[in-house]
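Report on the structure given below.
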There are 2 protein chains.
Amino acid sequence: MAATSIRDVAQHAGVSVGTVSNVLNRPGEVSAESIARVNRAIEELGYVRNDAARKLRAGTSTTVGFVVLDGQNPFFNDVVRGAEDEASKHNIAILYGNTDQDVARERLYLDLFEEQQVRGVLISPYDDVHTRLERLRQRGIPAVLVDRFSGDGRFSSVSVDSVSGGRMAVEHLIETGRRRIAYVGGPFDIHQVTDRLAGARAAAENAGFPVDLEVVATTELTVAEGVAAGTRIIERPRAQRPDALFAANDLIALGLLQALVVEGRILVPEEIAIIGFDDISFAGAAAVPLSSMRQPSGMIGRTALRTLLEEANDPESIPRQTVFQPELVVRRSTDPKKTR
Amino acid sequence: MAATSIRDVAQHAGVSVGTVSNVLNRPGEVSAESIARVNRAIEELGYVRNDAARKLRAGTSTTVGFVVLDGQNPFFNDVVRGAEDEASKHNIAILYGNTDQDVARERLYLDLFEEQQVRGVLISPYDDVHTRLERLRQRGIPAVLVDRFSGDGRFSSVSVDSVSGGRMAVEHLIETGRRRIAYVGGPFDIHQVTDRLAGARAAAENAGFPVDLEVVATTELTVAEGVAAGTRIIERPRAQRPDALFAANDLIALGLLQALVVEGRILVPEEIAIIGFDDISFAGAAAVPLSSMRQPSGMIGRTALRTLLEEANDPESIPRQTVFQPELVVRRSTDPKKTR
DNA sequence: AACTTGATCTGAATCGATTCAGAGACATTT
DNA sequence: AAATGTCTCTGAATCGATTCAGATCAAGTT
């Protein structure tokens with residue numbers, strides 16, 4: 001109700017609306033005297049800019065949409081956090097949407113963001129959203145793929161080389177003497193899951209000697225699914241168990257640990273080694289501190305947001321792929337010599 | 001550029017803009033014939049409503065702001081998730097802001113949300129934001145406090161009884177035979193931290209026999225700070241160590257566990273028992289499965305959002321306090337009989 | 001004195017959806 | 001036949017910030 005508009009401010013300060021707007025948006029073109037008067041009026045009236053009107057006329061928004069694949073995963077929270085830090089520097093707010101691998105939710109949020117005419121969209125996609133994003137682009141809304149390489153280069157992306165991460169993880173297992181490895185993860189329509197497996201396969205095939213690599217499929221990348229997969233593994237006769245597990249992410253790995261160590265009384269890493277992916281902050285606090293492939297999560301978020309803003313400011317810009325390399329972090333779950 | 005407006009749709013469908021708007025907002029007042037024509041035109045032109053214009057004219061927004069105290073804490077992510085689920089049912093998007101116990105960031109987000117003229121604000125406050133929220137309310141933006149009781153009842157709130165949770169936790173420790181208890185947490189300008197301590201004190205004083213309760217202060221509620229506090233404790237001579245730790249939240253508790261079990265080779269719970277607060281999903285997967293005070297996190301988020309929308313739709317509504325009771329979840333870290 | 005130039009300010013037009021007073025067509029009632 | 005009511009539609013006015021062509025004025029130039 002107390003809708004103080006720019007007109008009220010103008011009147012109170014004894015200047016025109018144009019001048020008030022200039023004070024707000026291009027103070028360089030206004031005399032010091034006017035700036036002072038307008039600012040005093042703003043102060044006295046408690047005026048706050050109406051972003052809807054601003055957006056309508058000027059066309060530019062101060063909001064960025066972020067569609068996240070799995071909001072319960074600390075990894076994505078770290079990414080969001082990085083993006084948020086960068087955004088707040090530019091006085092930009094983040095519209096947040098968690099899809100939980102649901103195509104309908106993914107569409108819902110993209111629709112919502114389009115109505116909101118956000119400045120741009122960050123998305124860790126689940127479904128194939130290329131056509132949808134192409135349409136957003138036509139309306140002047142750029143998009144950057146997060147944690148997902150844009151194979152055809154149509155969009156900018158910021159990701160981690162999951163294939164090479166998968167290879168490094170399994171190479172590490174092989175180097176420490178493991179020969180019967182199980183890859184635990186799923187569903188396989190998530191690209192990170194298939195990429196990490198592809199890397200794992202490459203490592204197993206290039207070992208120079210036979211290395212078993214079986215796949216234990218899960219329906220989700222959650223702790224609970226990790227526990228379930230772990231239980232299935234310990235129910236097998238001892239001889240048929242793998243001697244190492246490579247989990248598609250740390251949530252799965254933590255679930256596996258819990259099943260093996262706490263319930264199955266299996267020695268990790270002596271009997272079965274475990275390595276995860278992401279290096280979330282809970283990895284070090286696990287039943288047995290967890291080896292993992294570290295992703296620079298905060299940096300991914302910051303870079304993605306920066307890339308997005310550059311594209312938003314320069315429509316001519318061409319897509320750019322940023323790929324970080326993951327880093328092997330060895331803890332006790334693969335190396336008995338480590339105390340932690 | 002391809003700015004298809006309601007006017008284009010009207011022309012394409014051979015009706016007036018008013019009719020198009022009615023099809024969109026009150027289809028009951030329009031003939032079936034017109035609805036069909038307009039919908040076809042919308043389809044053919046790929047029209048998407050401009051939310052800025054809608055907001056400007058109609059005054060109502062489809063966005064809700066959520067200011068979160070600690071975005072890295074899985075507990076808050078679960079709360080956000082609950083709110084999001086409820087929001088997406090109403091076609092509402094969430095503007096997300098993480099303050100990390102920073103007064104400046106808290107202000108920044110409230111300013112941003114005010115400019116955006118959000119439908120309402122959910123906030124787990126750090127600073128005393130009552131005056132700020134009061135002002136938002138005057139502008140027609142209601143607020144609901146999340147995970148924080150509104151002592152003076154000026155605002156609606158959805159919270160968990162931290163005092164009673166603290167009491168239950170320490171009562172449990174006393175019942176299982178502990179007499180030298182340390183409360184680990186901080187900083188003490190976070191209300192949850194002081195409330196849980198107050199409950200712990202009450203339990204210690206009402207025991208009917210002497211129970212030691214010391215305070216080990218941390219600067220943050222993080223795993224790292226938990227590790228640091230744990231390290232300080234195990235450096236003490238054995239006789240001066242407490243026999244139980246009550247952590248202000250699970251992140252601290254996980255850090256303590258890591259320091260005691262993994263580094264200090266201390267038996268948990270035999271030598272020192274540990275209980276946390278929140279029951280985040282990682283609590284069960286810890287070095288020793290962690291006892292904790294469970295908060296109904298998803299329910300908190302859903303309830304908060306529902307309360308907020310009710311207030312937004314009925315300006316006459318009076319503030320309402322919803323308080324959930326936490327629930328004791330006993331796992332191995334306080335009970336040696338449990339296998340998990 | 002006449003003319004430029006530059007700095008500053010003004011205020012109407014504009015963005016696109018919503019709203020609402022009023023018009024038109026038709027059926028029903030008096 | 002006139003009056004009343006119902007249903008449906010129309011289109012100008014409106015929300016508030018931005019933009020921009022033009023006005024004003026003091027200072028500098030010829």
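In the structure tokens, each chain is lettered A, B, ... as it comes, each chain's residues begin at 1, and ligands are numbered from 1 in order of appearance.
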
Residues at most 12 Å from Lys337 (chain B), counting only C-alpha atoms (C1' of nucleotides), excluding those fewer than 2 positions away in the same chain, as an mmCIF file with C-alpha atoms, in the first residue's frame?
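The result, written out as selection21.cif:
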```cif
data_model
loop_
_atom_site.group_PDB
_atom_site.id
_atom_site.type_symbol
_atom_site.label_atom_id
_atom_site.label_comp_id
_atom_site.auth_asym_id
_atom_site.auth_seq_id
_atom_site.Cartn_x
_atom_site.Cartn_y
_atom_site.Cartn_z
ATOM 1 C CA THR B 176 22.611 -44.312 30.162
ATOM 2 C CA VAL B 268 32.677 -44.527 21.305
ATOM 3 C CA PRO B 269 30.387 -44.955 23.157
ATOM 4 C CA GLU B 270 32.265 -46.997 25.801
ATOM 5 C CA VAL B 330 19.314 -43.799 19.555
ATOM 6 C CA ARG B 331 22.158 -45.358 17.608
ATOM 7 C CA ARG B 332 25.465 -46.845 18.566
ATOM 8 C CA SER B 333 27.224 -43.624 19.531
ATOM 9 C CA THR B 334 25.330 -43.613 22.822
ATOM 10 C CA ASP B 335 24.236 -47.228 23.087
ATOM 11 C CA THR B 339 24.923 -52.707 16.091
ATOM 12 C CA ARG B 340 24.067 -49.659 14.073
#
```

Return as CSV the residues of chain A lying at most 9 Å from chain D, together with the closest atom-to-atom pair for each and the distance in Å to one decimal, counting only C-alpha atoms (C1' of nucleotides), with rows in chain order and ascending residue number.
```
residue,atom,partner,partner_atom,distance
A:Ser5,CA,D:DG16,C1',6.4
A:Ile6,CA,D:DG16,C1',7.2
A:Arg7,CA,D:DG16,C1',8.4
A:Val17,CA,D:DA17,C1',9.0
A:Gly18,CA,D:DT18,C1',8.0
A:Ser21,CA,D:DT18,C1',7.2
A:Arg49,CA,D:DA17,C1',8.1
A:Asn50,CA,D:DG16,C1',6.9
A:Asp51,CA,D:DA17,C1',8.3
A:Ala52,CA,D:DG16,C1',8.3
A:Ala53,CA,D:DG16,C1',5.2
A:Arg54,CA,D:DA17,C1',4.8
A:Lys55,CA,D:DA17,C1',8.4
A:Leu56,CA,D:DA17,C1',8.4
A:Arg57,CA,D:DT18,C1',6.0
A:Ala58,CA,D:DT18,C1',6.2
```

Selection above as a file: N, CA and C atoms, as an mmCIF file, in the first residue's frame:
```
data_model
loop_
_atom_site.group_PDB
_atom_site.id
_atom_site.type_symbol
_atom_site.label_atom_id
_atom_site.label_comp_id
_atom_site.auth_asym_id
_atom_site.auth_seq_id
_atom_site.Cartn_x
_atom_site.Cartn_y
_atom_site.Cartn_z
ATOM 1 N N SER A 5 6.630 5.517 -5.117
ATOM 2 C CA SER A 5 7.184 5.340 -6.457
ATOM 3 C C SER A 5 8.230 6.406 -6.739
ATOM 4 N N ILE A 6 8.843 6.248 -7.860
ATOM 5 C CA ILE A 6 9.881 7.182 -8.261
ATOM 6 C C ILE A 6 9.295 8.589 -8.409
ATOM 7 N N ARG A 7 8.024 8.651 -8.683
ATOM 8 C CA ARG A 7 7.363 9.946 -8.819
ATOM 9 C C ARG A 7 7.297 10.682 -7.473
ATOM 10 N N VAL A 17 11.187 12.953 -12.660
ATOM 11 C CA VAL A 17 11.391 11.512 -12.541
ATOM 12 C C VAL A 17 12.629 11.065 -13.303
ATOM 13 N N GLY A 18 12.876 11.702 -14.432
ATOM 14 C CA GLY A 18 14.049 11.355 -15.222
ATOM 15 C C GLY A 18 15.320 11.515 -14.406
ATOM 16 N N SER A 21 15.704 8.725 -11.860
ATOM 17 C CA SER A 21 16.162 7.512 -12.528
ATOM 18 C C SER A 21 17.649 7.612 -12.862
ATOM 19 N N ARG A 49 13.222 0.434 -5.091
ATOM 20 C CA ARG A 49 12.955 0.266 -6.510
ATOM 21 C C ARG A 49 12.023 -0.924 -6.768
ATOM 22 N N ASN A 50 11.103 -0.738 -7.671
ATOM 23 C CA ASN A 50 10.214 -1.827 -8.071
ATOM 24 C C ASN A 50 10.848 -2.569 -9.245
ATOM 25 N N ASP A 51 11.315 -3.770 -8.926
ATOM 26 C CA ASP A 51 12.077 -4.488 -9.934
ATOM 27 C C ASP A 51 11.216 -4.938 -11.116
ATOM 28 N N ALA A 52 9.930 -5.165 -10.846
ATOM 29 C CA ALA A 52 9.052 -5.598 -11.943
ATOM 30 C C ALA A 52 8.965 -4.517 -13.019
ATOM 31 N N ALA A 53 8.784 -3.287 -12.579
ATOM 32 C CA ALA A 53 8.681 -2.188 -13.539
ATOM 33 C C ALA A 53 10.005 -2.004 -14.284
ATOM 34 N N ARG A 54 11.062 -2.089 -13.530
ATOM 35 C CA ARG A 54 12.380 -1.938 -14.116
ATOM 36 C C ARG A 54 12.618 -3.004 -15.180
ATOM 37 N N LYS A 55 12.284 -4.225 -14.817
ATOM 38 C CA LYS A 55 12.493 -5.344 -15.715
ATOM 39 C C LYS A 55 11.640 -5.166 -16.985
ATOM 40 N N LEU A 56 10.416 -4.759 -16.773
ATOM 41 C CA LEU A 56 9.489 -4.611 -17.892
ATOM 42 C C LEU A 56 10.018 -3.622 -18.916
ATOM 43 N N ARG A 57 10.438 -2.483 -18.402
ATOM 44 C CA ARG A 57 10.884 -1.446 -19.331
ATOM 45 C C ARG A 57 12.278 -1.737 -19.873
ATOM 46 N N ALA A 58 13.205 -2.021 -18.970
ATOM 47 C CA ALA A 58 14.594 -2.122 -19.381
ATOM 48 C C ALA A 58 14.902 -3.483 -19.984
#
```

Checklist entry - Can you tell me, as an NGL selection string, what residues are no more than 8 Å from region 217-220 of chain A when counting only C-alpha atoms (C1' of nucleotides), ignoring any on the same chain fewer than 4 positions away? => result :A and (184-187 or 225-226 or 229)

Just the selected residues (all heavy atoms), exported as a PDB file, in the first residue's frame, please.
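The file below, out05.pdb, is the result:
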```pdb
ATOM      1  N   VAL A 184      29.511 -49.365  -8.694  1.00  0.00           N
ATOM      2  CA  VAL A 184      28.177 -49.302  -8.095  1.00  0.00           C
ATOM      3  C   VAL A 184      27.549 -47.946  -8.386  1.00  0.00           C
ATOM      4  O   VAL A 184      28.060 -46.906  -7.944  1.00  0.00           O
ATOM      5  CB  VAL A 184      28.246 -49.518  -6.568  1.00  0.00           C
ATOM      6  CG1 VAL A 184      26.843 -49.600  -5.992  1.00  0.00           C
ATOM      7  CG2 VAL A 184      29.047 -50.770  -6.232  1.00  0.00           C
ATOM      8  N   GLY A 185      26.457 -47.967  -9.130  1.00  0.00           N
ATOM      9  CA  GLY A 185      25.808 -46.684  -9.425  1.00  0.00           C
ATOM     10  C   GLY A 185      24.619 -46.865 -10.352  1.00  0.00           C
ATOM     11  O   GLY A 185      24.347 -47.946 -10.842  1.00  0.00           O
ATOM     12  N   GLY A 186      23.917 -45.789 -10.572  1.00  0.00           N
ATOM     13  CA  GLY A 186      22.766 -45.789 -11.457  1.00  0.00           C
ATOM     14  C   GLY A 186      21.829 -44.671 -11.045  1.00  0.00           C
ATOM     15  O   GLY A 186      22.089 -44.026 -10.024  1.00  0.00           O
ATOM     16  N   PRO A 187      20.820 -44.336 -11.782  1.00  0.00           N
ATOM     17  CA  PRO A 187      20.437 -44.956 -13.046  1.00  0.00           C
ATOM     18  C   PRO A 187      21.353 -44.505 -14.183  1.00  0.00           C
ATOM     19  O   PRO A 187      22.005 -43.465 -14.081  1.00  0.00           O
ATOM     20  CB  PRO A 187      19.029 -44.427 -13.256  1.00  0.00           C
ATOM     21  CG  PRO A 187      19.010 -43.119 -12.554  1.00  0.00           C
ATOM     22  CD  PRO A 187      19.909 -43.267 -11.365  1.00  0.00           C
ATOM     23  N   GLU A 225      20.325 -46.244  -1.240  1.00  0.00           N
ATOM     24  CA  GLU A 225      20.587 -47.164  -2.332  1.00  0.00           C
ATOM     25  C   GLU A 225      21.978 -47.793  -2.203  1.00  0.00           C
ATOM     26  O   GLU A 225      22.193 -48.937  -2.591  1.00  0.00           O
ATOM     27  CB  GLU A 225      20.467 -46.448  -3.681  1.00  0.00           C
ATOM     28  CG  GLU A 225      19.057 -46.457  -4.237  1.00  0.00           C
ATOM     29  CD  GLU A 225      18.604 -47.863  -4.589  1.00  0.00           C
ATOM     30  OE1 GLU A 225      19.273 -48.506  -5.414  1.00  0.00           O
ATOM     31  OE2 GLU A 225      17.588 -48.328  -4.036  1.00  0.00           O
ATOM     32  N   GLY A 226      22.912 -47.016  -1.641  1.00  0.00           N
ATOM     33  CA  GLY A 226      24.247 -47.559  -1.403  1.00  0.00           C
ATOM     34  C   GLY A 226      24.195 -48.676  -0.378  1.00  0.00           C
ATOM     35  O   GLY A 226      24.826 -49.729  -0.543  1.00  0.00           O
ATOM     36  N   ALA A 229      22.719 -51.761  -2.058  1.00  0.00           N
ATOM     37  CA  ALA A 229      23.693 -52.422  -2.932  1.00  0.00           C
ATOM     38  C   ALA A 229      24.739 -53.147  -2.093  1.00  0.00           C
ATOM     39  O   ALA A 229      25.127 -54.291  -2.401  1.00  0.00           O
ATOM     40  CB  ALA A 229      24.358 -51.399  -3.852  1.00  0.00           C
TER      41      ALA A 229
END
```

Checklist entry - Given a cut-off of 8 Å, which residues of chain B touch chain A, counting only C-alpha atoms, written out as number ranges by chain? => result B: 1-3, 48-53, 55-56, 71-72, 74, 77-78, 81, 84, 91, 93-98, 109, 112, 114-117, 138-140, 223, 254-255, 257-258, 262-263, 281-282, 284-289, 339-340

Keeping only N, CA and C atoms, write the selected residues as a short mmCIF file (atom, residue, chain, number, x, y, z; two decimals), in the first residue's frame.
```cif
data_model
loop_
_atom_site.label_atom_id
_atom_site.label_comp_id
_atom_site.auth_asym_id
_atom_site.auth_seq_id
_atom_site.Cartn_x
_atom_site.Cartn_y
_atom_site.Cartn_z
N MET B 1 13.88 -10.47 -28.12
CA MET B 1 13.64 -9.92 -29.45
C MET B 1 12.30 -10.47 -29.96
N ALA B 2 12.19 -11.79 -29.94
CA ALA B 2 10.93 -12.43 -30.35
C ALA B 2 9.88 -12.20 -29.28
N ALA B 3 9.70 -10.95 -28.95
CA ALA B 3 8.85 -10.62 -27.80
C ALA B 3 7.38 -10.75 -28.19
N VAL B 48 4.73 -16.83 -24.18
CA VAL B 48 4.96 -17.05 -22.75
C VAL B 48 4.67 -15.76 -22.00
N ARG B 49 3.87 -15.87 -20.98
CA ARG B 49 3.48 -14.71 -20.19
C ARG B 49 4.69 -13.96 -19.63
N ASN B 50 4.66 -12.68 -19.67
CA ASN B 50 5.72 -11.86 -19.10
C ASN B 50 5.37 -11.56 -17.65
N ASP B 51 6.11 -12.21 -16.77
CA ASP B 51 5.77 -12.11 -15.36
C ASP B 51 6.00 -10.71 -14.79
N ALA B 52 6.95 -10.01 -15.37
CA ALA B 52 7.24 -8.65 -14.86
C ALA B 52 6.03 -7.75 -15.06
N ALA B 53 5.46 -7.83 -16.25
CA ALA B 53 4.29 -6.98 -16.54
C ALA B 53 3.12 -7.38 -15.66
N LYS B 55 3.22 -8.84 -12.76
CA LYS B 55 3.49 -8.45 -11.39
C LYS B 55 3.24 -6.95 -11.21
N LEU B 56 3.72 -6.18 -12.17
CA LEU B 56 3.59 -4.73 -12.07
C LEU B 56 2.13 -4.31 -11.96
N GLY B 71 23.59 -22.87 4.31
CA GLY B 71 23.27 -23.67 3.13
C GLY B 71 24.08 -24.95 3.01
N GLN B 72 25.16 -25.06 3.77
CA GLN B 72 26.00 -26.25 3.68
C GLN B 72 25.47 -27.35 4.60
N PRO B 74 23.03 -30.06 5.70
CA PRO B 74 21.98 -30.88 5.09
C PRO B 74 20.62 -30.67 5.72
N ASN B 77 18.99 -27.98 3.89
CA ASN B 77 18.64 -28.40 2.54
C ASN B 77 17.36 -29.22 2.54
N ASP B 78 17.20 -30.01 3.59
CA ASP B 78 15.97 -30.79 3.67
C ASP B 78 14.77 -29.86 3.90
N ARG B 81 14.01 -28.23 0.66
CA ARG B 81 13.38 -29.21 -0.20
C ARG B 81 11.89 -29.34 0.11
N GLU B 84 10.15 -26.31 -1.18
CA GLU B 84 10.13 -26.33 -2.64
C GLU B 84 9.01 -27.25 -3.14
N ASN B 91 2.81 -23.54 -8.23
CA ASN B 91 3.48 -22.83 -9.30
C ASN B 91 4.26 -21.63 -8.82
N ALA B 93 7.99 -20.17 -7.46
CA ALA B 93 9.42 -20.43 -7.49
C ALA B 93 10.08 -19.84 -6.25
N ILE B 94 11.20 -20.41 -5.89
CA ILE B 94 11.87 -19.97 -4.67
C ILE B 94 13.14 -19.20 -5.00
N LEU B 95 13.21 -17.98 -4.49
CA LEU B 95 14.44 -17.20 -4.56
C LEU B 95 15.25 -17.58 -3.34
N TYR B 96 16.46 -18.03 -3.58
CA TYR B 96 17.22 -18.67 -2.53
C TYR B 96 18.39 -17.80 -2.10
N GLY B 97 18.56 -17.66 -0.82
CA GLY B 97 19.70 -16.90 -0.33
C GLY B 97 20.28 -17.54 0.91
N ASN B 98 21.58 -17.67 0.91
CA ASN B 98 22.29 -18.32 2.00
C ASN B 98 23.09 -17.24 2.72
N TYR B 109 20.00 -9.87 1.02
CA TYR B 109 18.93 -10.70 0.47
C TYR B 109 17.56 -10.12 0.77
N LEU B 112 17.05 -7.40 -1.68
CA LEU B 112 16.80 -7.97 -2.99
C LEU B 112 15.36 -8.47 -3.09
N GLU B 114 12.84 -7.52 -1.37
CA GLU B 114 11.89 -6.41 -1.36
C GLU B 114 11.78 -5.78 -2.74
N GLU B 115 12.90 -5.59 -3.40
CA GLU B 115 12.86 -5.05 -4.77
C GLU B 115 12.08 -5.98 -5.69
N GLN B 116 12.23 -7.26 -5.46
CA GLN B 116 11.54 -8.24 -6.30
C GLN B 116 10.06 -8.31 -5.96
N GLN B 117 9.68 -7.68 -4.87
CA GLN B 117 8.31 -7.77 -4.39
C GLN B 117 7.82 -9.20 -4.36
N GLN B 138 4.66 -4.09 6.12
CA GLN B 138 3.93 -2.88 5.75
C GLN B 138 3.79 -2.75 4.25
N ARG B 139 4.72 -3.33 3.52
CA ARG B 139 4.62 -3.26 2.06
C ARG B 139 3.88 -4.46 1.51
N GLY B 140 3.23 -5.19 2.41
CA GLY B 140 2.42 -6.30 1.93
C GLY B 140 3.19 -7.58 1.71
N VAL B 223 31.77 -29.39 10.47
CA VAL B 223 32.53 -30.61 10.75
C VAL B 223 33.94 -30.24 11.20
N LEU B 254 29.66 -35.08 13.97
CA LEU B 254 30.45 -35.88 13.05
C LEU B 254 31.93 -35.53 13.15
N GLY B 255 32.21 -34.26 13.33
CA GLY B 255 33.60 -33.83 13.51
C GLY B 255 34.18 -34.43 14.79
N LEU B 257 33.25 -37.14 16.34
CA LEU B 257 33.42 -38.57 16.10
C LEU B 257 34.73 -38.84 15.38
N GLN B 258 34.93 -38.06 14.34
CA GLN B 258 36.12 -38.26 13.54
C GLN B 258 37.38 -38.08 14.39
N VAL B 262 38.67 -41.83 14.87
CA VAL B 262 39.65 -42.07 13.82
C VAL B 262 41.03 -41.61 14.26
N GLU B 263 41.10 -40.47 14.93
CA GLU B 263 42.41 -39.95 15.29
C GLU B 263 42.80 -40.32 16.71
N SER B 281 20.95 -37.04 7.15
CA SER B 281 20.98 -38.39 6.59
C SER B 281 22.36 -39.03 6.70
N PHE B 282 23.39 -38.24 7.00
CA PHE B 282 24.71 -38.80 7.13
C PHE B 282 24.98 -39.33 8.52
N GLY B 284 23.61 -41.66 10.18
CA GLY B 284 23.62 -43.11 10.27
C GLY B 284 24.83 -43.75 9.62
N ALA B 285 25.51 -42.99 8.76
CA ALA B 285 26.62 -43.55 8.01
C ALA B 285 27.97 -43.18 8.61
N ALA B 286 27.95 -42.65 9.81
CA ALA B 286 29.18 -42.13 10.40
C ALA B 286 30.08 -43.24 10.93
N ALA B 287 31.29 -42.85 11.30
CA ALA B 287 32.29 -43.77 11.84
C ALA B 287 31.65 -44.70 12.85
N VAL B 288 30.94 -44.10 13.79
CA VAL B 288 30.04 -44.86 14.64
C VAL B 288 28.67 -44.25 14.40
N PRO B 289 27.68 -45.04 14.05
CA PRO B 289 26.37 -44.46 13.77
C PRO B 289 25.92 -43.56 14.91
N THR B 339 23.89 -52.41 17.08
CA THR B 339 24.92 -52.71 16.09
C THR B 339 25.06 -51.55 15.11
N ARG B 340 23.99 -50.80 14.99
CA ARG B 340 24.07 -49.66 14.07
C ARG B 340 23.43 -48.42 14.66
#
```

Item to check | Distance query Arg306 (chain A) at most 10 Å, only C-alpha atoms (C1' of nucleotides), self and fewer than 2 positions along chain excluded, as a ChimeraX atom specification | outcome: /A:83,86-87,90,144,300-304,308-312
